[in-house]
>>> print(open('final.csv').read())   # CSV, C-alpha atoms
chain,number,residue,atom,x,y,z
A,20,MET,CA,0.0,0.0,0.0
A,21,SER,CA,1.6,3.2,-1.1
A,22,LEU,CA,0.4,6.7,-0.3
A,23,ILE,CA,2.1,8.3,-3.3
A,24,GLU,CA,2.5,6.5,-6.6
A,25,ASP,CA,4.4,9.1,-8.6
A,26,LEU,CA,7.1,10.7,-6.3
A,27,PRO,CA,8.9,13.9,-7.3
A,28,ARG,CA,12.3,13.5,-8.8
A,29,ASP,CA,15.0,12.7,-6.2
A,30,TRP,CA,12.5,11.2,-3.7
A,31,GLU,CA,12.0,7.6,-2.7
A,32,GLU,CA,9.7,5.6,-0.5
A,33,TYR,CA,11.9,4.4,2.4
A,34,ARG,CA,9.6,2.6,4.8
A,35,VAL,CA,5.9,1.5,4.8
A,36,SER,CA,4.1,0.0,7.7
A,37,GLU,CA,0.4,-0.9,8.0
A,38,ASN,CA,0.3,-2.1,11.6
A,39,PRO,CA,-0.6,-0.9,14.1
A,40,SER,CA,-1.2,2.4,12.1
A,41,PRO,CA,-0.4,3.1,8.5
A,42,THR,CA,2.9,4.9,8.2
A,43,TRP,CA,4.8,6.0,5.1
A,44,THR,CA,8.3,7.4,5.2
A,45,TYR,CA,9.9,9.1,2.2
A,46,ARG,CA,13.5,10.3,2.0
A,47,HIS,CA,15.4,12.5,-0.4
A,48,GLN,CA,18.0,10.6,-2.4
A,49,TYR,CA,20.6,13.3,-1.9
A,50,LEU,CA,19.6,15.7,0.9
A,51,ASP,CA,19.6,14.4,4.5
A,52,VAL,CA,15.8,14.9,4.9
A,53,GLU,CA,12.9,12.5,5.5
A,54,VAL,CA,9.1,13.1,5.5
A,55,SER,CA,6.9,10.7,7.4
A,56,VAL,CA,3.1,10.4,7.3
A,57,LEU,CA,1.3,8.6,10.2
A,58,GLY,CA,-2.4,7.6,10.1
A,59,MET,CA,-3.8,7.7,13.6
A,60,ASP,CA,-7.1,6.1,14.7
A,61,ALA,CA,-9.7,8.9,14.8
A,62,ASP,CA,-11.8,7.1,17.4
A,63,GLU,CA,-9.0,7.4,19.9
A,64,MET,CA,-8.4,11.0,19.2
A,65,ASN,CA,-11.9,12.3,18.6
A,66,PRO,CA,-14.7,9.7,18.7
A,67,GLU,CA,-17.1,12.2,17.1
A,68,ALA,CA,-15.0,12.9,14.1
A,69,ASP,CA,-16.4,12.0,10.7
A,70,THR,CA,-13.3,10.1,9.6
A,71,ASP,CA,-11.5,6.9,10.3
A,72,LEU,CA,-8.0,8.3,10.4
A,73,PHE,CA,-6.2,11.6,11.2
A,74,TYR,CA,-2.9,12.1,9.5
A,75,SER,CA,0.2,13.6,11.0
A,76,ILE,CA,3.3,14.6,9.0
A,77,SER,CA,6.7,14.9,10.6
A,78,LEU,CA,10.1,15.8,9.1
A,79,GLN,CA,13.6,15.1,10.1
A,80,TRP,CA,16.7,16.8,8.6
A,81,ALA,CA,20.3,17.5,9.4
A,82,ALA,CA,20.9,20.7,11.3
A,83,ASP,CA,24.6,20.4,12.0
A,84,GLY,CA,27.4,17.9,11.8
A,85,PHE,CA,26.3,16.1,14.9
A,86,GLY,CA,22.5,16.1,15.0
A,87,GLY,CA,19.3,16.7,13.4
A,88,VAL,CA,15.9,18.3,13.8
A,89,GLU,CA,12.5,16.8,13.9
A,90,ASP,CA,9.4,18.9,13.5
A,91,PHE,CA,5.8,18.4,12.8
A,92,PHE,CA,4.0,19.9,9.8
A,93,ASP,CA,0.7,21.2,11.1
A,94,PRO,CA,-1.5,22.9,8.5
A,95,VAL,CA,-4.3,25.1,9.7
A,96,ASP,CA,-6.9,22.3,9.2
A,97,GLN,CA,-6.4,18.8,10.5
A,98,ILE,CA,-5.5,16.3,7.7
A,99,THR,CA,-8.5,13.8,7.7
A,100,SER,CA,-8.2,12.1,4.3
A,101,GLU,CA,-5.6,10.0,2.6
A,102,ALA,CA,-5.9,12.3,-0.5
A,103,ASP,CA,-5.1,15.4,1.7
A,104,ALA,CA,-2.2,13.6,3.3
A,105,ARG,CA,-0.8,12.8,-0.1
A,106,ASP,CA,-1.3,16.4,-1.4
A,107,TRP,CA,0.4,17.9,1.6
A,108,THR,CA,3.3,15.5,1.5
A,109,LEU,CA,3.8,16.1,-2.2
A,110,ALA,CA,3.7,19.9,-1.6
A,111,LEU,CA,6.3,19.5,1.2
A,112,MET,CA,8.6,17.4,-1.0
A,113,THR,CA,8.4,19.9,-3.8
A,114,GLN,CA,9.0,22.9,-1.5
A,115,ILE,CA,12.0,21.2,0.1
A,116,ASP,CA,13.7,21.0,-3.3
A,117,ASN,CA,12.6,24.6,-4.1
A,118,GLN,CA,13.8,26.1,-0.8
A,119,PHE,CA,17.1,24.3,-0.5
A,120,VAL,CA,20.1,26.6,-0.5
A,121,PRO,CA,23.6,25.1,0.2
A,122,GLY,CA,24.8,26.0,3.6
A,123,ASP,CA,21.3,27.1,4.9
A,124,THR,CA,19.9,24.7,7.5
A,125,ASN,CA,16.5,26.4,7.6
A,126,TYR,CA,15.4,25.3,4.2
A,127,VAL,CA,12.9,22.7,5.6
A,128,GLY,CA,11.3,25.3,7.8
A,129,ARG,CA,10.9,27.6,4.8
A,130,ALA,CA,9.5,24.6,2.8
A,131,MET,CA,6.8,24.0,5.5
A,132,ARG,CA,5.8,27.7,5.4
A,133,ALA,CA,5.8,27.8,1.5
A,134,ALA,CA,3.7,24.6,1.4
A,135,GLU,CA,1.0,26.4,3.4
A,136,GLY,CA,1.2,29.3,1.0
A,137,GLN,CA,3.1,31.7,3.2
A,138,GLN,CA,5.7,34.1,2.0
A,139,THR,CA,9.3,33.0,2.6
A,140,THR,CA,12.6,34.7,2.6
A,141,SER,CA,15.5,33.6,0.5
A,142,GLY,CA,18.0,31.2,2.1
A,143,ASN,CA,20.8,32.5,4.2
A,144,PRO,CA,23.9,30.3,4.2
A,145,SER,CA,25.7,30.0,7.5
A,146,ASN,CA,29.4,29.6,8.2
A,147,PHE,CA,30.3,26.1,9.3
A,148,ALA,CA,34.0,26.5,10.0
A,149,ASP,CA,34.4,23.2,11.9
A,150,GLU,CA,32.6,21.1,9.3
A,151,PRO,CA,33.8,19.6,6.0
A,152,THR,CA,32.5,21.8,3.2
A,153,CYS,CA,32.4,21.9,-0.5
A,154,PRO,CA,35.3,23.7,-2.1
A,155,ALA,CA,33.1,25.1,-4.8
A,156,CYS,CA,30.2,26.5,-2.9
A,157,ASP,CA,31.2,26.2,0.8
A,158,ALA,CA,28.1,24.1,1.6
A,159,PRO,CA,28.6,21.7,4.6
A,160,PHE,CA,28.5,18.1,3.5
A,161,PHE,CA,26.3,17.1,6.5
A,162,GLN,CA,23.3,18.5,4.7
A,163,PHE,CA,23.5,15.5,2.4
A,164,ARG,CA,22.7,11.8,2.9
A,165,GLY,CA,25.6,9.5,3.8
A,166,MET,CA,27.2,7.6,6.6
A,167,ASP,CA,30.5,9.5,6.3
A,168,THR,CA,31.9,12.7,4.7
A,169,TYR,CA,32.9,10.8,1.5
A,170,GLU,CA,29.3,9.6,0.9
A,171,GLN,CA,27.9,13.0,1.8
A,172,ALA,CA,30.3,14.7,-0.6
A,173,GLN,CA,29.4,12.3,-3.3
A,174,ASN,CA,25.7,13.0,-2.8
A,175,HIS,CA,26.4,16.8,-2.7
A,176,PHE,CA,28.2,16.7,-6.1
A,177,GLU,CA,25.5,14.5,-7.7
A,178,TYR,CA,22.7,16.8,-6.4
A,179,MET,CA,24.3,20.1,-7.3
A,180,ASP,CA,25.3,19.1,-10.8
A,181,ASP,CA,25.9,22.6,-12.1
A,182,GLU,CA,28.8,24.5,-13.7
A,183,GLU,CA,30.2,25.6,-10.4
A,184,HIS,CA,30.7,22.0,-9.3
A,185,GLU,CA,31.9,20.7,-12.7
A,186,GLY,CA,35.4,19.3,-12.6
A,187,TRP,CA,35.4,18.4,-8.9
A,188,ASP,CA,35.4,14.7,-8.0
A,189,VAL,CA,34.5,13.1,-4.7
A,190,SER,CA,38.0,13.0,-3.5
A,191,ILE,CA,37.5,16.8,-3.1
A,192,GLU,CA,40.4,17.5,-5.5
A,193,GLN,CA,39.8,19.4,-8.6
A,194,ALA,CA,40.1,17.3,-11.8
>>> encode(input="final.csv", output="structure tokens")
Amino acid sequence: MSLIEDLPRDWEEYRVSENPSPTWTYRHQYLDVEVSVLGMDADEMNPEADTDLFYSISLQWAADGFGGVEDFFDPVDQITSEADARDWTLALMTQIDNQFVPGDTNYVGRAMRAAEGQQTTSGNPSNFADEPTCPACDAPFFQFRGMDTYEQAQNHFEYMDDEEHEGWDVSIEQA
């Protein structure tokens, strides 16, 4: 059972569970960010609700070289249908890609605001002097998926794929 059949480019279904409650987790193939959707029994939360499930969306992303952030996406109205859960999740995935700026760890927060139709500011890269960063754009590699700096750098260069990053290989030496 899949919540989303056609995922946006660079996203993959990571985990699906039906018991005890339906849960879908999607992760970006390059960025270190996950979006999870949990269906919760409406009778336990609000027995008078006219739905079987309420849906909750949570996000996890890297905030620095040593840890991450987890936050819940709470639109104005409760998510009470699978179709709405799918639409909100797709909107978040799209905005995560749109709001990403190398070196800015607040892109997921901006993506949540943008998905709700709020105005957002442009990304503001931070200085991560103690973290391994890209020699081309100074982005910290921890923003990218990987078990070590090498894998993170590899994902960074694959994701960025622009003129500024051309000619660099994963060994972080210019070709």
>>> residues_near_point(input="final.csv", point="(11.5, 28.4, 1.0)", cutoff="9 Å", atoms="only C-alpha atoms", output="VMD selection string")
chain A and resid 114 to 120 125 to 134 138 to 142
>>> closest_residue(input="final.csv", among="A:Tyr169, A:Phe163, A:Tyr74, A:Phe91", to="A:Asp60", atoms="only C-alpha atoms")
A:Tyr74
>>> atom_distance(input="final.csv", atom1="atom CA of A:Ala158", atom2="atom CA of A:Asp123")
8.1 Å
>>> residues_around(input="final.csv", residues="stretch 24-31 of chain A", least_positions_apart="4", cutoff="12 Å", atoms="all atoms listed in the file", output="MDAnalysis selection string")
chainID A and resid 20 35 43:55 102 105:106 108:117 164 174 177:179
>>> atom_distance(input="final.csv", atom1="atom CA of A:Asp103", atom2="atom CA of A:Trp80")
22.9 Å
>>> atom_distance(input="final.csv", atom1="atom CA of A:Thr99", atom2="atom CA of A:Leu72")
6.1 Å
